[in-house]
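Pasting entry_37.cif here (mmCIF, C-alpha atoms):
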```
data_start
loop_
_atom_site.label_atom_id
_atom_site.label_comp_id
_atom_site.auth_asym_id
_atom_site.auth_seq_id
_atom_site.Cartn_x
_atom_site.Cartn_y
_atom_site.Cartn_z
CA PRO A 5 80.40 -144.34 -26.73
CA GLN A 6 81.11 -145.67 -30.24
CA ALA A 7 82.79 -142.41 -31.22
CA GLU A 8 85.02 -142.51 -28.15
CA SER A 9 86.00 -146.12 -28.73
CA GLY A 10 86.59 -145.66 -32.48
CA GLU A 11 83.87 -148.15 -33.42
CA ILE A 12 81.66 -145.95 -35.59
CA PHE A 13 80.40 -147.32 -38.88
CA PHE A 14 80.48 -144.50 -41.44
CA ILE A 15 77.76 -144.50 -44.09
CA VAL A 16 79.25 -142.54 -46.97
CA GLY A 17 77.36 -140.92 -49.82
CA GLY A 18 78.84 -138.97 -52.70
CA ASP A 19 81.18 -139.62 -55.60
CA GLU A 20 82.81 -142.98 -54.98
CA GLU A 21 86.08 -141.86 -56.60
CA ASN A 22 86.52 -139.37 -53.71
CA LEU A 23 86.29 -142.10 -51.10
CA SER A 24 89.97 -143.07 -51.36
CA ALA A 25 90.98 -139.54 -50.26
CA ILE A 26 88.98 -139.71 -47.03
CA ALA A 27 89.19 -143.45 -46.30
CA PRO A 28 92.39 -143.19 -44.19
CA TYR A 29 90.67 -140.71 -41.86
CA LEU A 30 87.53 -142.80 -41.64
CA GLU A 31 89.67 -145.81 -40.70
CA ILE A 32 91.24 -143.84 -37.84
CA MET A 33 87.89 -142.72 -36.46
CA GLY A 34 85.78 -145.82 -37.03
CA LYS A 35 85.70 -149.55 -37.41
CA MET A 36 84.41 -149.54 -40.95
CA HIS A 37 82.84 -147.48 -43.69
CA ARG A 38 80.65 -148.23 -46.65
CA HIS A 39 79.93 -146.22 -49.75
CA VAL A 40 76.18 -146.36 -50.31
CA GLY A 41 75.54 -144.26 -53.40
CA PRO A 42 75.24 -140.64 -54.47
CA SER A 43 75.23 -137.61 -52.22
CA GLY A 44 72.32 -137.87 -49.79
CA ALA A 45 72.08 -141.67 -49.82
CA GLY A 46 74.07 -141.97 -46.59
CA ASN A 47 71.69 -139.61 -44.81
CA TRP A 48 68.63 -141.43 -46.09
CA ILE A 49 69.97 -144.80 -44.98
CA LYS A 50 70.91 -143.42 -41.56
CA LEU A 51 67.44 -141.94 -41.05
CA VAL A 52 65.59 -145.09 -42.07
CA HIS A 53 68.01 -147.20 -40.03
CA ASN A 54 67.36 -145.07 -36.93
CA ALA A 55 63.61 -145.13 -37.56
CA LEU A 56 63.76 -148.93 -37.61
CA GLY A 57 65.61 -148.81 -34.28
CA ALA A 58 62.93 -146.50 -32.90
CA VAL A 59 60.14 -148.85 -34.02
CA ASN A 60 62.02 -151.64 -32.27
CA ALA A 61 62.28 -149.53 -29.08
CA VAL A 62 58.52 -149.00 -28.93
CA ALA A 63 57.77 -152.65 -29.77
CA VAL A 64 60.15 -153.89 -27.05
CA ALA A 65 58.61 -151.52 -24.49
CA GLU A 66 55.13 -152.79 -25.37
CA ALA A 67 56.28 -156.42 -25.16
CA LEU A 68 57.84 -155.80 -21.73
CA ALA A 69 54.65 -154.09 -20.58
CA VAL A 70 52.54 -157.07 -21.66
CA CYS A 71 54.88 -159.41 -19.79
CA ARG A 72 54.89 -157.19 -16.69
CA ASN A 73 51.09 -156.95 -16.61
CA ALA A 74 50.66 -160.66 -17.29
CA GLY A 75 52.98 -161.56 -14.41
CA VAL A 76 55.74 -162.95 -16.64
CA ASP A 77 59.25 -162.85 -15.18
CA LEU A 78 61.14 -160.37 -17.36
CA GLU A 79 64.44 -162.21 -17.02
CA HIS A 80 62.81 -165.39 -18.36
CA PHE A 81 61.34 -163.38 -21.23
CA PHE A 82 64.76 -161.86 -21.97
CA GLN A 83 66.50 -165.26 -21.98
CA VAL A 84 63.86 -166.90 -24.19
CA VAL A 85 63.99 -164.11 -26.78
CA LYS A 86 67.79 -163.97 -26.66
CA ASN A 87 68.38 -167.72 -26.86
CA GLY A 88 65.17 -169.19 -28.23
CA GLY A 89 65.97 -168.96 -31.92
CA GLY A 90 62.96 -166.84 -32.84
CA MET A 91 63.12 -163.77 -35.03
CA ALA A 92 62.40 -161.20 -32.27
CA TYR A 93 65.98 -160.92 -31.03
CA SER A 94 67.88 -157.78 -32.01
CA THR A 95 70.89 -155.73 -31.00
CA TYR A 96 68.51 -153.23 -29.39
CA PHE A 97 66.84 -156.01 -27.39
CA ASP A 98 70.25 -157.28 -26.23
CA LYS A 99 71.64 -153.87 -25.28
CA ARG A 100 68.54 -152.26 -23.77
CA VAL A 101 66.14 -154.72 -22.12
CA GLN A 102 68.21 -155.31 -19.01
CA ARG A 103 68.86 -151.55 -18.71
CA ILE A 104 65.10 -150.88 -18.99
CA VAL A 105 64.32 -153.49 -16.34
CA ALA A 106 66.94 -151.86 -14.09
CA GLY A 107 65.39 -148.42 -14.71
CA GLU A 108 68.62 -147.20 -16.33
CA PHE A 109 68.03 -144.56 -19.02
CA SER A 110 71.31 -142.64 -19.07
CA PRO A 111 71.82 -141.57 -22.67
CA THR A 112 73.98 -143.17 -25.30
CA PHE A 113 71.70 -141.69 -28.00
CA THR A 114 69.12 -139.26 -26.70
CA LEU A 115 65.41 -139.53 -27.18
CA ASP A 116 65.21 -136.07 -28.76
CA LEU A 117 67.75 -137.04 -31.44
CA MET A 118 65.85 -140.24 -32.18
CA ASN A 119 62.59 -138.31 -32.37
CA LYS A 120 64.20 -135.93 -34.88
CA ASP A 121 65.44 -138.82 -37.02
CA VAL A 122 62.08 -140.61 -36.99
CA GLY A 123 60.41 -137.37 -38.05
CA LEU A 124 62.87 -136.93 -40.91
CA ALA A 125 62.44 -140.58 -41.94
CA ASN A 126 58.67 -140.04 -42.01
CA ARG A 127 59.14 -136.99 -44.23
CA LEU A 128 61.35 -139.09 -46.52
CA ALA A 129 58.66 -141.80 -46.64
CA ASP A 130 56.04 -139.20 -47.51
CA ARG A 131 58.22 -137.75 -50.30
CA ALA A 132 58.88 -141.27 -51.59
CA GLY A 133 55.14 -141.98 -51.63
CA VAL A 134 55.37 -144.80 -49.09
CA PRO A 135 52.65 -145.13 -46.44
CA ALA A 136 54.48 -145.83 -43.17
CA PRO A 137 51.83 -146.14 -40.43
CA ILE A 138 54.12 -147.97 -38.00
CA MET A 139 56.81 -145.29 -38.31
CA LYS A 140 54.19 -142.58 -37.89
CA GLU A 141 52.81 -144.21 -34.73
CA THR A 142 56.38 -144.61 -33.48
CA GLN A 143 56.95 -140.90 -33.97
CA ARG A 144 53.73 -140.09 -32.09
CA THR A 145 54.96 -142.21 -29.18
CA PHE A 146 58.39 -140.55 -29.23
CA GLN A 147 56.74 -137.12 -29.38
CA GLU A 148 54.65 -138.05 -26.35
CA ALA A 149 57.90 -138.90 -24.55
CA MET A 150 59.31 -135.52 -25.56
CA ASP A 151 56.18 -133.77 -24.32
CA ASN A 152 56.57 -135.50 -20.95
CA GLY A 153 60.14 -134.31 -20.42
CA TRP A 154 62.22 -137.36 -21.29
CA ALA A 155 64.05 -135.76 -24.26
CA GLY A 156 67.52 -135.91 -22.67
CA GLU A 157 67.31 -139.53 -21.59
CA ASP A 158 68.36 -142.48 -23.72
CA PHE A 159 65.94 -143.16 -26.56
CA SER A 160 64.89 -146.32 -24.73
CA ALA A 161 63.13 -143.93 -22.32
CA VAL A 162 60.25 -144.07 -24.79
CA THR A 163 59.43 -146.96 -22.44
CA HIS A 164 58.14 -144.33 -19.97
CA VAL A 165 55.25 -143.61 -22.36
CA ILE A 166 54.23 -147.26 -22.30
CA GLU A 167 54.60 -147.30 -18.50
CA LYS A 168 52.36 -144.24 -18.28
CA ARG A 169 49.78 -145.97 -20.48
CA ILE A 170 49.66 -149.05 -18.24
CA GLY A 171 49.96 -147.13 -14.97
CA LYS A 172 53.05 -148.89 -13.63
CA THR A 173 56.76 -149.14 -14.23
CA ILE A 174 58.36 -151.94 -16.16
CA SER A 175 61.54 -151.71 -14.13
CA ASP A 176 62.03 -153.62 -10.94
CA LYS A 177 62.57 -150.30 -9.13
#
```
Show me the file's structure as structure tokens.
Amino acid sequence: PQAESGEIFFIVGGDEENLSAIAPYLEIMGKMHRHVGPSGAGNWIKLVHNALGAVNAVAVAEALAVCRNAGVDLEHFFQVVKNGGGMAYSTYFDKRVQRIVAGEFSPTFTLDLMNKDVGLANRLADRAGVPAPIMKETQRTFQEAMDNGWAGEDFSAVTHVIEKRIGKTISDK
């Protein structure tokens, strides 16, 4: 959707002096761009950024499952997190919770692509010598979603793994 609407944020690696030659094209295709360092740096940032989004997806699914099993109204939970001033609110939370509760998992970014990125981010962490147990557990959960056939759904469909673990759906369906 962001590509179609021209709202992509380009993360650009490479020689900064070459940026001026491609900047006019980036401005046509996206809302902004940022030079982030040498060749490869853009990829690394994108992978770690997506891995952080994936961690958030699993954490939100677990939080919704706890609320569902505890009998908490999910709309109340959504409103408190969104408006309560705590640090749990995120773009993912805002854009996905109500879709999850509605059982809506049509893809904007597929689960298989997110799984790939989390795997690559974990390889980067390993090469950088950084233990990343939360990212590794996130990848295991995404892989479980892949193994269960949800690869083509939105990456928020990782929620199905949590639903399977608790034996009920989070959605109101």
Applying the PyMOL selection byres ((chain A and resi 101-110) around 6) to the file I just gave you, which residues come out? Please list them as a ChimeraX atom specification.
/A:97,100,111,157-158,161,175-176
What's the 8 Å shell around Glu148 in chain A, counting all atoms listed in the file, without same-chain residues fewer than 4 positions away, as a PyMOL selection string?
chain A and resi 144+152+165
Assuming the chain letters and numbering stay as they are in my file, what does the PyMOL selection byres ((chain A and resi 126-130) around 9) actually select? List them as a VMD selection string.
chain A and resid 48 51 to 52 55 121 to 125 131 to 136 139 to 140 143
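Proximity ranking of A:Pro137, A:Gly171, A:Gly57, A:Gly10 relative to Lys35 in chain A places A:Gly10 first, based on all atoms listed in the file.
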Distance of CA of Thr142 in chain A from CA of Tyr93 in chain A, expressed in Å to one decimal place
19.1 Å
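Taking CA of Met150 in chain A and CA of Lys177 in chain A as endpoints, the distance between them is 22.3 Å.
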Taking the file as I've supplied it (selection: the PyMOL selection byres ((chain A and resi 64) around 12)), which residues are included? Please answer as a VMD selection string.
chain A and resid 57 to 63 65 to 71 78 81 to 82 85 92 to 102 104 to 105 142 160 to 163 166 174
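The coordinates place CA of Gln6 in chain A at 24.9 Å from CA of Asn22 in chain A.
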Hey, what's within 7 Å of Gly17 in chain A if we count only C-alpha atoms and toss same-chain stuff fewer than 6 positions away? As a VMD selection string, please?
chain A and resid 39 to 46
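Across A:Phe113, A:Trp154, A:Phe14, A:Phe146, the tightest approach to Arg38 in chain A is made by A:Phe14 when counting all atoms listed in the file.
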Counting only C-alpha atoms, closest pick from A:Leu23, A:Lys168, A:Met33, A:Lys120 relative to Gln147 in chain A is A:Lys120
If we count all atoms listed in the file and set the cut-off at 10 Å, which residues sit around range 30-32 of chain A, ignoring sequence neighbours fewer than 4 positions away in its own chain? Please answer as a PyMOL selection string.
chain A and resi 10-14+16+23+25-26+36-37
Excluding same-chain residues fewer than 2 positions from Thr114 in chain A, what lies within 8 Å of it counting only C-alpha atoms, as a count of residues only?
10
Could you rebuild range 68-83 of chain A with N, CA, C and O atoms and give me the result as a PDB file, in the frame of the given file?
```
ATOM      1  N   LEU A  68      57.501-155.746 -23.161  1.00  0.00           N
ATOM      2  CA  LEU A  68      57.840-155.800 -21.730  1.00  0.00           C
ATOM      3  C   LEU A  68      56.623-155.443 -20.873  1.00  0.00           C
ATOM      4  O   LEU A  68      56.404-156.059 -19.817  1.00  0.00           O
ATOM      5  N   ALA A  69      55.842-154.479 -21.326  1.00  0.00           N
ATOM      6  CA  ALA A  69      54.650-154.090 -20.580  1.00  0.00           C
ATOM      7  C   ALA A  69      53.640-155.231 -20.523  1.00  0.00           C
ATOM      8  O   ALA A  69      53.027-155.484 -19.476  1.00  0.00           O
ATOM      9  N   VAL A  70      53.453-155.917 -21.633  1.00  0.00           N
ATOM     10  CA  VAL A  70      52.540-157.070 -21.660  1.00  0.00           C
ATOM     11  C   VAL A  70      53.036-158.124 -20.675  1.00  0.00           C
ATOM     12  O   VAL A  70      52.261-158.653 -19.866  1.00  0.00           O
ATOM     13  N   CYS A  71      54.324-158.419 -20.719  1.00  0.00           N
ATOM     14  CA  CYS A  71      54.880-159.410 -19.790  1.00  0.00           C
ATOM     15  C   CYS A  71      54.701-158.972 -18.344  1.00  0.00           C
ATOM     16  O   CYS A  71      54.283-159.770 -17.498  1.00  0.00           O
ATOM     17  N   ARG A  72      55.015-157.702 -18.064  1.00  0.00           N
ATOM     18  CA  ARG A  72      54.890-157.190 -16.690  1.00  0.00           C
ATOM     19  C   ARG A  72      53.447-157.326 -16.203  1.00  0.00           C
ATOM     20  O   ARG A  72      53.195-157.840 -15.122  1.00  0.00           O
ATOM     21  N   ASN A  73      52.498-156.898 -17.025  1.00  0.00           N
ATOM     22  CA  ASN A  73      51.090-156.950 -16.610  1.00  0.00           C
ATOM     23  C   ASN A  73      50.547-158.365 -16.534  1.00  0.00           C
ATOM     24  O   ASN A  73      49.615-158.626 -15.786  1.00  0.00           O
ATOM     25  N   ALA A  74      51.117-159.264 -17.303  1.00  0.00           N
ATOM     26  CA  ALA A  74      50.660-160.660 -17.290  1.00  0.00           C
ATOM     27  C   ALA A  74      51.352-161.472 -16.188  1.00  0.00           C
ATOM     28  O   ALA A  74      51.033-162.645 -15.994  1.00  0.00           O
ATOM     29  N   GLY A  75      52.288-160.852 -15.487  1.00  0.00           N
ATOM     30  CA  GLY A  75      52.980-161.560 -14.410  1.00  0.00           C
ATOM     31  C   GLY A  75      54.144-162.418 -14.875  1.00  0.00           C
ATOM     32  O   GLY A  75      54.615-163.283 -14.141  1.00  0.00           O
ATOM     33  N   VAL A  76      54.614-162.180 -16.098  1.00  0.00           N
ATOM     34  CA  VAL A  76      55.740-162.950 -16.640  1.00  0.00           C
ATOM     35  C   VAL A  76      57.046-162.394 -16.076  1.00  0.00           C
ATOM     36  O   VAL A  76      57.242-161.176 -16.024  1.00  0.00           O
ATOM     37  N   ASP A  77      57.934-163.263 -15.654  1.00  0.00           N
ATOM     38  CA  ASP A  77      59.250-162.850 -15.180  1.00  0.00           C
ATOM     39  C   ASP A  77      60.030-162.279 -16.366  1.00  0.00           C
ATOM     40  O   ASP A  77      60.225-162.962 -17.380  1.00  0.00           O
ATOM     41  N   LEU A  78      60.479-161.030 -16.242  1.00  0.00           N
ATOM     42  CA  LEU A  78      61.140-160.370 -17.360  1.00  0.00           C
ATOM     43  C   LEU A  78      62.490-160.978 -17.705  1.00  0.00           C
ATOM     44  O   LEU A  78      62.898-160.962 -18.864  1.00  0.00           O
ATOM     45  N   GLU A  79      63.173-161.537 -16.726  1.00  0.00           N
ATOM     46  CA  GLU A  79      64.440-162.210 -17.020  1.00  0.00           C
ATOM     47  C   GLU A  79      64.202-163.467 -17.843  1.00  0.00           C
ATOM     48  O   GLU A  79      64.947-163.753 -18.780  1.00  0.00           O
ATOM     49  N   HIS A  80      63.150-164.211 -17.543  1.00  0.00           N
ATOM     50  CA  HIS A  80      62.810-165.390 -18.360  1.00  0.00           C
ATOM     51  C   HIS A  80      62.477-164.957 -19.785  1.00  0.00           C
ATOM     52  O   HIS A  80      62.923-165.582 -20.753  1.00  0.00           O
ATOM     53  N   PHE A  81      61.688-163.892 -19.901  1.00  0.00           N
ATOM     54  CA  PHE A  81      61.340-163.380 -21.230  1.00  0.00           C
ATOM     55  C   PHE A  81      62.613-163.008 -21.993  1.00  0.00           C
ATOM     56  O   PHE A  81      62.788-163.395 -23.155  1.00  0.00           O
ATOM     57  N   PHE A  82      63.505-162.265 -21.338  1.00  0.00           N
ATOM     58  CA  PHE A  82      64.760-161.860 -21.970  1.00  0.00           C
ATOM     59  C   PHE A  82      65.545-163.077 -22.464  1.00  0.00           C
ATOM     60  O   PHE A  82      65.994-163.119 -23.611  1.00  0.00           O
ATOM     61  N   GLN A  83      65.709-164.071 -21.625  1.00  0.00           N
ATOM     62  CA  GLN A  83      66.500-165.260 -21.980  1.00  0.00           C
ATOM     63  C   GLN A  83      65.862-166.046 -23.124  1.00  0.00           C
ATOM     64  O   GLN A  83      66.567-166.555 -24.000  1.00  0.00           O
TER      65      GLN A  83
END
```
